[in-house]
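Trainee: Shown below is the structure under consideration.
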Amino acid sequence: MSSLLTLAKDLEQTSKAQRQSTGEMLKAAFSEHEASVKQELSESAKRINDAISAHDLTIKTTLAANTKGLLKTVSRTWLTIVMVSFLLICTSGSILWWQGQQIVDHYQLISEMKRTEAMLSAKNNGVQLSVCGDNKRPCVKVNPEAGAYGEDSGWMVLAGK
């Protein structure tokens with residue numbers, strides 16, 4: 001029985017040694033596996049960060065290009081609005097100036113005609129000039145009671161005072 005006891009003790013010690021050896025091997029394997037997993041996770045994190053940085057750069061570049069395009073479009077639109085407004089103001093001003101000149105010219109002509117009419121009326125004893133018919137021809141009032149004169153009876157006395 002003592003040999004059995006010795007054999008059991010030896011088996012227990014061998015088993016303990018194997019258990020310790022297996023534990024150390026497992027620790028070493030797990031440490032190696034943990035280091036490998038950490039390295040892979042680190043590399044994966046680096047790849048993800050690089051991809052995010054590249055995507056951010058692409059977005060920033062696209063946004064900058066779109067902003068420049070938008071600014072150009074807005075600038076062109078406002079420039080067009082300003083130019084059209086300027087042309088409209090200039091055209092309107094020119095038309096108003098031309099109409100003002102026409103009004104001044106007509107006012108001067110009417111004033112001259114009134115002066116001429118007043119002068120003729122004063123010299124011809126109150127004879128009044130007018131326009132007659134659809135063609136607006138100049139005409140004067142005559143005195144039909146005074147009769148016609150001249151060889152062809154084409155002359156008549158003007159009506160006056």
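Labeling convention for the structure tokens: chains A, B, ... as they appear, residues from 1 per chain, ligands from 1 in order of appearance.
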Hey, what's within 9 Å of Val140 of chain A if we count only C-alpha atoms and toss same-chain stuff fewer than 6 positions away? As a short mmCIF file (atom, residue, chain, number, x, y, z; two decimals) with N, CA and C atoms, in the first residue's frame, please?
Mentor:
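New file out07.cif:
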```cif
data_model
loop_
_atom_site.label_atom_id
_atom_site.label_comp_id
_atom_site.auth_asym_id
_atom_site.auth_seq_id
_atom_site.Cartn_x
_atom_site.Cartn_y
_atom_site.Cartn_z
N VAL A 127 -59.34 141.09 -83.63
CA VAL A 127 -59.50 139.89 -84.44
C VAL A 127 -58.91 138.72 -83.67
N GLN A 128 -59.64 137.60 -83.62
CA GLN A 128 -59.19 136.42 -82.92
C GLN A 128 -58.86 135.30 -83.91
N LEU A 129 -57.68 134.71 -83.74
CA LEU A 129 -57.27 133.59 -84.58
C LEU A 129 -57.73 132.30 -83.91
N SER A 130 -58.05 131.31 -84.74
CA SER A 130 -58.50 130.03 -84.21
C SER A 130 -58.08 128.94 -85.19
N VAL A 131 -58.47 127.70 -84.91
CA VAL A 131 -58.26 126.59 -85.83
C VAL A 131 -59.63 126.03 -86.16
N CYS A 132 -59.79 125.63 -87.41
CA CYS A 132 -61.10 125.19 -87.87
C CYS A 132 -61.00 123.84 -88.58
N LEU A 158 -62.72 141.39 -91.67
CA LEU A 158 -62.63 140.61 -90.43
C LEU A 158 -63.59 141.17 -89.39
N ALA A 159 -64.13 140.26 -88.58
CA ALA A 159 -65.01 140.68 -87.49
C ALA A 159 -64.12 141.16 -86.37
#
```
Trainee: Running DSSP on the backbone, which parts of segment 21-135 of chain A land in strand (DSSP E or B), as a list of chain:residue names?
Mentor: A:Leu129, A:Ser130, A:Val131, A:Cys132
Trainee: As a short mmCIF file (atom, residue, chain, number, x, y, z; two decimals) with N, CA and C atoms, in the first residue's frame, which residues of segment 1-160 of chain A does DSSP assign to alpha helix (DSSP H)?
Mentor:
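For reference, part_25.cif as written:
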```
data_model
loop_
_atom_site.label_atom_id
_atom_site.label_comp_id
_atom_site.auth_asym_id
_atom_site.auth_seq_id
_atom_site.Cartn_x
_atom_site.Cartn_y
_atom_site.Cartn_z
N SER A 2 1.99 1.12 0.58
CA SER A 2 2.88 2.24 0.59
C SER A 2 3.34 2.58 -0.81
N SER A 3 3.45 1.56 -1.63
CA SER A 3 3.83 1.87 -3.01
C SER A 3 2.68 2.56 -3.72
N LEU A 4 1.52 2.20 -3.33
CA LEU A 4 0.35 2.90 -3.91
C LEU A 4 0.31 4.34 -3.42
N LEU A 5 0.64 4.49 -2.18
CA LEU A 5 0.63 5.83 -1.62
C LEU A 5 1.73 6.66 -2.28
N THR A 6 2.85 6.08 -2.48
CA THR A 6 3.95 6.78 -3.13
C THR A 6 3.56 7.09 -4.57
N LEU A 7 2.97 6.11 -5.20
CA LEU A 7 2.55 6.31 -6.58
C LEU A 7 1.51 7.42 -6.66
N ALA A 8 0.62 7.48 -5.70
CA ALA A 8 -0.42 8.52 -5.69
C ALA A 8 0.21 9.87 -5.43
N LYS A 9 1.23 9.89 -4.52
CA LYS A 9 1.89 11.16 -4.25
C LYS A 9 2.66 11.62 -5.48
N ASP A 10 3.33 10.68 -6.14
CA ASP A 10 4.07 11.03 -7.35
C ASP A 10 3.12 11.53 -8.44
N LEU A 11 2.02 10.82 -8.53
CA LEU A 11 1.01 11.22 -9.54
C LEU A 11 0.46 12.61 -9.22
N GLU A 12 0.29 12.86 -7.94
CA GLU A 12 -0.23 14.16 -7.53
C GLU A 12 0.80 15.25 -7.83
N GLN A 13 2.06 14.97 -7.54
CA GLN A 13 3.11 15.95 -7.81
C GLN A 13 3.27 16.16 -9.32
N THR A 14 3.20 15.09 -10.09
CA THR A 14 3.31 15.19 -11.54
C THR A 14 2.13 15.97 -12.07
N SER A 15 1.01 15.66 -11.50
CA SER A 15 -0.21 16.36 -11.92
C SER A 15 -0.12 17.84 -11.58
N LYS A 16 0.43 18.12 -10.38
CA LYS A 16 0.58 19.52 -9.98
C LYS A 16 1.55 20.22 -10.91
N ALA A 17 2.64 19.54 -11.23
CA ALA A 17 3.66 20.12 -12.12
C ALA A 17 3.08 20.35 -13.50
N GLN A 18 2.32 19.37 -13.96
CA GLN A 18 1.68 19.53 -15.29
C GLN A 18 0.67 20.68 -15.26
N ARG A 19 -0.06 20.74 -14.14
CA ARG A 19 -1.06 21.80 -14.01
C ARG A 19 -0.37 23.17 -14.02
N GLN A 20 0.74 23.29 -13.29
CA GLN A 20 1.48 24.55 -13.28
C GLN A 20 2.06 24.83 -14.66
N SER A 21 2.60 23.81 -15.28
CA SER A 21 3.18 23.97 -16.62
C SER A 21 2.11 24.36 -17.62
N THR A 22 0.96 23.70 -17.53
CA THR A 22 -0.15 24.02 -18.43
C THR A 22 -0.65 25.42 -18.15
N GLY A 23 -0.74 25.80 -16.88
CA GLY A 23 -1.18 27.17 -16.52
C GLY A 23 -0.24 28.22 -17.07
N GLU A 24 1.08 27.94 -16.94
CA GLU A 24 2.06 28.89 -17.46
C GLU A 24 1.99 28.97 -18.99
N MET A 25 1.79 27.80 -19.62
CA MET A 25 1.66 27.79 -21.09
C MET A 25 0.42 28.56 -21.51
N LEU A 26 -0.67 28.33 -20.76
CA LEU A 26 -1.91 29.04 -21.08
C LEU A 26 -1.74 30.54 -20.85
N LYS A 27 -1.06 30.91 -19.75
CA LYS A 27 -0.81 32.33 -19.49
C LYS A 27 0.00 32.94 -20.62
N ALA A 28 1.04 32.23 -21.04
CA ALA A 28 1.90 32.72 -22.12
C ALA A 28 1.10 32.83 -23.42
N ALA A 29 0.28 31.77 -23.69
CA ALA A 29 -0.53 31.79 -24.92
C ALA A 29 -1.56 32.91 -24.87
N PHE A 30 -2.21 33.05 -23.68
CA PHE A 30 -3.20 34.13 -23.55
C PHE A 30 -2.54 35.51 -23.64
N SER A 31 -1.37 35.66 -23.05
CA SER A 31 -0.65 36.94 -23.13
C SER A 31 -0.29 37.25 -24.58
N GLU A 32 0.20 36.22 -25.25
CA GLU A 32 0.54 36.40 -26.67
C GLU A 32 -0.71 36.74 -27.49
N HIS A 33 -1.81 36.03 -27.21
CA HIS A 33 -3.09 36.28 -27.92
C HIS A 33 -3.61 37.69 -27.58
N GLU A 34 -3.49 38.05 -26.29
CA GLU A 34 -3.95 39.39 -25.87
C GLU A 34 -3.15 40.47 -26.57
N ALA A 35 -1.83 40.29 -26.66
CA ALA A 35 -0.97 41.27 -27.36
C ALA A 35 -1.34 41.35 -28.83
N SER A 36 -1.61 40.20 -29.43
CA SER A 36 -1.99 40.16 -30.83
C SER A 36 -3.33 40.88 -31.05
N VAL A 37 -4.30 40.61 -30.16
CA VAL A 37 -5.61 41.26 -30.26
C VAL A 37 -5.48 42.77 -30.07
N LYS A 38 -4.64 43.17 -29.07
CA LYS A 38 -4.41 44.60 -28.84
C LYS A 38 -3.80 45.26 -30.07
N GLN A 39 -2.84 44.60 -30.66
CA GLN A 39 -2.19 45.15 -31.86
C GLN A 39 -3.19 45.27 -33.01
N GLU A 40 -4.01 44.25 -33.21
CA GLU A 40 -5.03 44.30 -34.27
C GLU A 40 -6.05 45.40 -34.01
N LEU A 41 -6.46 45.52 -32.74
CA LEU A 41 -7.41 46.59 -32.39
C LEU A 41 -6.79 47.96 -32.62
N SER A 42 -5.53 48.10 -32.28
CA SER A 42 -4.83 49.37 -32.48
C SER A 42 -4.74 49.71 -33.97
N GLU A 43 -4.36 48.69 -34.76
CA GLU A 43 -4.27 48.91 -36.21
C GLU A 43 -5.64 49.22 -36.80
N SER A 44 -6.67 48.54 -36.32
CA SER A 44 -8.04 48.78 -36.79
C SER A 44 -8.48 50.19 -36.44
N ALA A 45 -8.17 50.62 -35.21
CA ALA A 45 -8.52 51.98 -34.78
C ALA A 45 -7.80 53.01 -35.65
N LYS A 46 -6.52 52.72 -35.97
CA LYS A 46 -5.76 53.63 -36.82
C LYS A 46 -6.37 53.72 -38.21
N ARG A 47 -6.75 52.56 -38.79
CA ARG A 47 -7.39 52.56 -40.12
C ARG A 47 -8.71 53.33 -40.09
N ILE A 48 -9.50 53.12 -39.03
CA ILE A 48 -10.79 53.83 -38.92
C ILE A 48 -10.55 55.34 -38.78
N ASN A 49 -9.59 55.73 -37.95
CA ASN A 49 -9.27 57.16 -37.81
C ASN A 49 -8.78 57.76 -39.12
N ASP A 50 -7.94 57.03 -39.85
CA ASP A 50 -7.47 57.50 -41.16
C ASP A 50 -8.62 57.66 -42.14
N ALA A 51 -9.54 56.69 -42.13
CA ALA A 51 -10.71 56.77 -43.03
C ALA A 51 -11.58 57.96 -42.66
N ILE A 52 -11.79 58.19 -41.37
CA ILE A 52 -12.59 59.34 -40.92
C ILE A 52 -11.91 60.65 -41.32
N SER A 53 -10.59 60.73 -41.15
CA SER A 53 -9.85 61.94 -41.53
C SER A 53 -9.96 62.19 -43.03
N ALA A 54 -9.80 61.12 -43.82
CA ALA A 54 -9.91 61.26 -45.28
C ALA A 54 -11.32 61.71 -45.66
N HIS A 55 -12.33 61.14 -45.01
CA HIS A 55 -13.72 61.53 -45.31
C HIS A 55 -13.97 62.99 -44.92
N ASP A 56 -13.44 63.41 -43.75
CA ASP A 56 -13.57 64.82 -43.33
C ASP A 56 -12.91 65.75 -44.33
N LEU A 57 -11.73 65.37 -44.82
CA LEU A 57 -11.03 66.18 -45.80
C LEU A 57 -11.84 66.30 -47.09
N THR A 58 -12.41 65.18 -47.53
CA THR A 58 -13.24 65.19 -48.74
C THR A 58 -14.46 66.10 -48.55
N ILE A 59 -15.10 65.99 -47.39
CA ILE A 59 -16.27 66.83 -47.11
C ILE A 59 -15.87 68.30 -47.08
N LYS A 60 -14.75 68.62 -46.42
CA LYS A 60 -14.29 70.01 -46.35
C LYS A 60 -13.97 70.55 -47.74
N THR A 61 -13.30 69.76 -48.56
CA THR A 61 -12.96 70.18 -49.92
C THR A 61 -14.23 70.42 -50.74
N THR A 62 -15.17 69.49 -50.65
CA THR A 62 -16.43 69.62 -51.39
C THR A 62 -17.21 70.84 -50.91
N LEU A 63 -17.25 71.04 -49.60
CA LEU A 63 -17.96 72.18 -49.04
C LEU A 63 -17.32 73.49 -49.49
N ALA A 64 -15.99 73.54 -49.50
CA ALA A 64 -15.28 74.75 -49.94
C ALA A 64 -15.58 75.02 -51.41
N ALA A 65 -15.56 73.98 -52.24
CA ALA A 65 -15.85 74.16 -53.67
C ALA A 65 -17.29 74.62 -53.87
N ASN A 66 -18.22 74.02 -53.14
CA ASN A 66 -19.62 74.42 -53.27
C ASN A 66 -19.84 75.83 -52.77
N THR A 67 -19.13 76.23 -51.72
CA THR A 67 -19.25 77.59 -51.19
C THR A 67 -18.75 78.59 -52.21
N LYS A 68 -17.62 78.29 -52.86
CA LYS A 68 -17.10 79.18 -53.90
C LYS A 68 -18.09 79.30 -55.05
N GLY A 69 -18.66 78.18 -55.47
CA GLY A 69 -19.65 78.20 -56.55
C GLY A 69 -20.88 79.00 -56.16
N LEU A 70 -21.32 78.83 -54.94
CA LEU A 70 -22.48 79.57 -54.45
C LEU A 70 -22.19 81.06 -54.40
N LEU A 71 -21.01 81.43 -53.92
CA LEU A 71 -20.64 82.84 -53.86
C LEU A 71 -20.57 83.44 -55.26
N LYS A 72 -20.04 82.69 -56.22
CA LYS A 72 -19.98 83.18 -57.60
C LYS A 72 -21.38 83.40 -58.14
N THR A 73 -22.27 82.44 -57.89
CA THR A 73 -23.65 82.56 -58.38
C THR A 73 -24.35 83.75 -57.74
N VAL A 74 -24.20 83.91 -56.44
CA VAL A 74 -24.84 85.04 -55.74
C VAL A 74 -24.25 86.36 -56.25
N SER A 75 -22.94 86.41 -56.43
CA SER A 75 -22.30 87.63 -56.93
C SER A 75 -22.81 87.98 -58.32
N ARG A 76 -22.88 86.98 -59.19
CA ARG A 76 -23.38 87.23 -60.55
C ARG A 76 -24.82 87.71 -60.53
N THR A 77 -25.63 87.10 -59.67
CA THR A 77 -27.05 87.49 -59.58
C THR A 77 -27.16 88.95 -59.13
N TRP A 78 -26.44 89.32 -58.08
CA TRP A 78 -26.52 90.70 -57.59
C TRP A 78 -25.94 91.67 -58.61
N LEU A 79 -24.86 91.28 -59.29
CA LEU A 79 -24.29 92.15 -60.31
C LEU A 79 -25.31 92.37 -61.43
N THR A 80 -26.00 91.30 -61.83
CA THR A 80 -27.03 91.42 -62.86
C THR A 80 -28.16 92.33 -62.39
N ILE A 81 -28.60 92.16 -61.15
CA ILE A 81 -29.67 93.00 -60.61
C ILE A 81 -29.25 94.47 -60.59
N VAL A 82 -28.02 94.73 -60.14
CA VAL A 82 -27.52 96.10 -60.08
C VAL A 82 -27.42 96.70 -61.48
N MET A 83 -26.90 95.92 -62.44
CA MET A 83 -26.75 96.44 -63.80
C MET A 83 -28.10 96.73 -64.43
N VAL A 84 -29.05 95.81 -64.28
CA VAL A 84 -30.38 96.01 -64.85
C VAL A 84 -31.04 97.23 -64.20
N SER A 85 -30.91 97.34 -62.88
CA SER A 85 -31.49 98.50 -62.18
C SER A 85 -30.86 99.79 -62.67
N PHE A 86 -29.54 99.80 -62.82
CA PHE A 86 -28.85 100.98 -63.32
C PHE A 86 -29.33 101.35 -64.72
N LEU A 87 -29.44 100.35 -65.59
CA LEU A 87 -29.92 100.62 -66.96
C LEU A 87 -31.35 101.14 -66.95
N LEU A 88 -32.21 100.56 -66.10
CA LEU A 88 -33.59 101.04 -66.02
C LEU A 88 -33.65 102.46 -65.51
N ILE A 89 -32.85 102.78 -64.50
CA ILE A 89 -32.83 104.14 -63.98
C ILE A 89 -32.32 105.11 -65.03
N CYS A 90 -31.25 104.73 -65.73
CA CYS A 90 -30.71 105.60 -66.78
C CYS A 90 -31.72 105.80 -67.90
N THR A 91 -32.37 104.72 -68.33
CA THR A 91 -33.36 104.82 -69.40
C THR A 91 -34.54 105.69 -68.96
N SER A 92 -35.02 105.45 -67.74
CA SER A 92 -36.15 106.25 -67.24
C SER A 92 -35.75 107.71 -67.12
N GLY A 93 -34.55 107.96 -66.61
CA GLY A 93 -34.07 109.34 -66.51
C GLY A 93 -33.96 110.02 -67.86
N SER A 94 -33.46 109.27 -68.85
CA SER A 94 -33.34 109.83 -70.21
C SER A 94 -34.71 110.15 -70.79
N ILE A 95 -35.66 109.24 -70.59
CA ILE A 95 -37.01 109.48 -71.11
C ILE A 95 -37.63 110.69 -70.42
N LEU A 96 -37.48 110.79 -69.10
CA LEU A 96 -38.02 111.94 -68.37
C LEU A 96 -37.36 113.24 -68.82
N TRP A 97 -36.05 113.21 -69.02
CA TRP A 97 -35.36 114.42 -69.48
C TRP A 97 -35.88 114.82 -70.87
N TRP A 98 -36.02 113.83 -71.78
CA TRP A 98 -36.50 114.12 -73.13
C TRP A 98 -37.92 114.69 -73.09
N GLN A 99 -38.78 114.07 -72.27
CA GLN A 99 -40.15 114.58 -72.15
C GLN A 99 -40.16 115.99 -71.57
N GLY A 100 -39.28 116.23 -70.60
CA GLY A 100 -39.17 117.58 -70.02
C GLY A 100 -38.77 118.59 -71.08
N GLN A 101 -37.81 118.21 -71.94
CA GLN A 101 -37.40 119.11 -73.02
C GLN A 101 -38.55 119.37 -73.99
N GLN A 102 -39.30 118.32 -74.29
CA GLN A 102 -40.46 118.48 -75.18
C GLN A 102 -41.49 119.42 -74.55
N ILE A 103 -41.73 119.25 -73.26
CA ILE A 103 -42.70 120.11 -72.57
C ILE A 103 -42.22 121.55 -72.57
N VAL A 104 -40.93 121.78 -72.29
CA VAL A 104 -40.38 123.14 -72.31
C VAL A 104 -40.51 123.74 -73.70
N ASP A 105 -40.15 122.97 -74.74
CA ASP A 105 -40.25 123.47 -76.11
C ASP A 105 -41.69 123.83 -76.46
N HIS A 106 -42.63 122.96 -76.12
CA HIS A 106 -44.03 123.23 -76.43
C HIS A 106 -44.55 124.41 -75.62
N TYR A 107 -44.13 124.52 -74.38
CA TYR A 107 -44.55 125.64 -73.55
C TYR A 107 -44.04 126.95 -74.16
N GLN A 108 -42.79 126.96 -74.62
CA GLN A 108 -42.25 128.17 -75.27
C GLN A 108 -43.00 128.49 -76.55
N LEU A 109 -43.33 127.47 -77.35
CA LEU A 109 -44.08 127.67 -78.59
C LEU A 109 -45.47 128.23 -78.29
N ILE A 110 -46.13 127.67 -77.28
CA ILE A 110 -47.47 128.16 -76.92
C ILE A 110 -47.38 129.60 -76.43
N SER A 111 -46.35 129.91 -75.65
CA SER A 111 -46.18 131.30 -75.18
C SER A 111 -45.99 132.24 -76.35
N GLU A 112 -45.16 131.85 -77.31
CA GLU A 112 -44.93 132.68 -78.50
C GLU A 112 -46.22 132.88 -79.28
N MET A 113 -46.98 131.79 -79.42
CA MET A 113 -48.23 131.88 -80.17
C MET A 113 -49.24 132.79 -79.46
N LYS A 114 -49.29 132.72 -78.14
CA LYS A 114 -50.19 133.60 -77.39
C LYS A 114 -49.78 135.05 -77.53
N ARG A 115 -48.47 135.30 -77.50
CA ARG A 115 -47.99 136.68 -77.69
C ARG A 115 -48.34 137.17 -79.09
N THR A 116 -48.13 136.31 -80.09
CA THR A 116 -48.44 136.69 -81.47
C THR A 116 -49.93 136.95 -81.62
N GLU A 117 -50.74 136.09 -81.04
CA GLU A 117 -52.19 136.27 -81.12
C GLU A 117 -52.62 137.56 -80.45
N ALA A 118 -52.04 137.84 -79.28
CA ALA A 118 -52.38 139.07 -78.58
C ALA A 118 -51.97 140.28 -79.38
N MET A 119 -50.79 140.21 -80.02
CA MET A 119 -50.29 141.33 -80.82
C MET A 119 -51.18 141.53 -82.04
N LEU A 120 -51.55 140.43 -82.70
CA LEU A 120 -52.40 140.55 -83.90
C LEU A 120 -53.79 141.05 -83.52
N SER A 121 -54.31 140.59 -82.40
CA SER A 121 -55.63 141.03 -81.97
C SER A 121 -55.62 142.52 -81.67
N ALA A 122 -54.54 143.00 -81.04
CA ALA A 122 -54.45 144.43 -80.71
C ALA A 122 -54.32 145.27 -81.99
N LYS A 123 -53.55 144.81 -82.95
CA LYS A 123 -53.34 145.57 -84.19
C LYS A 123 -54.56 145.50 -85.10
#
```
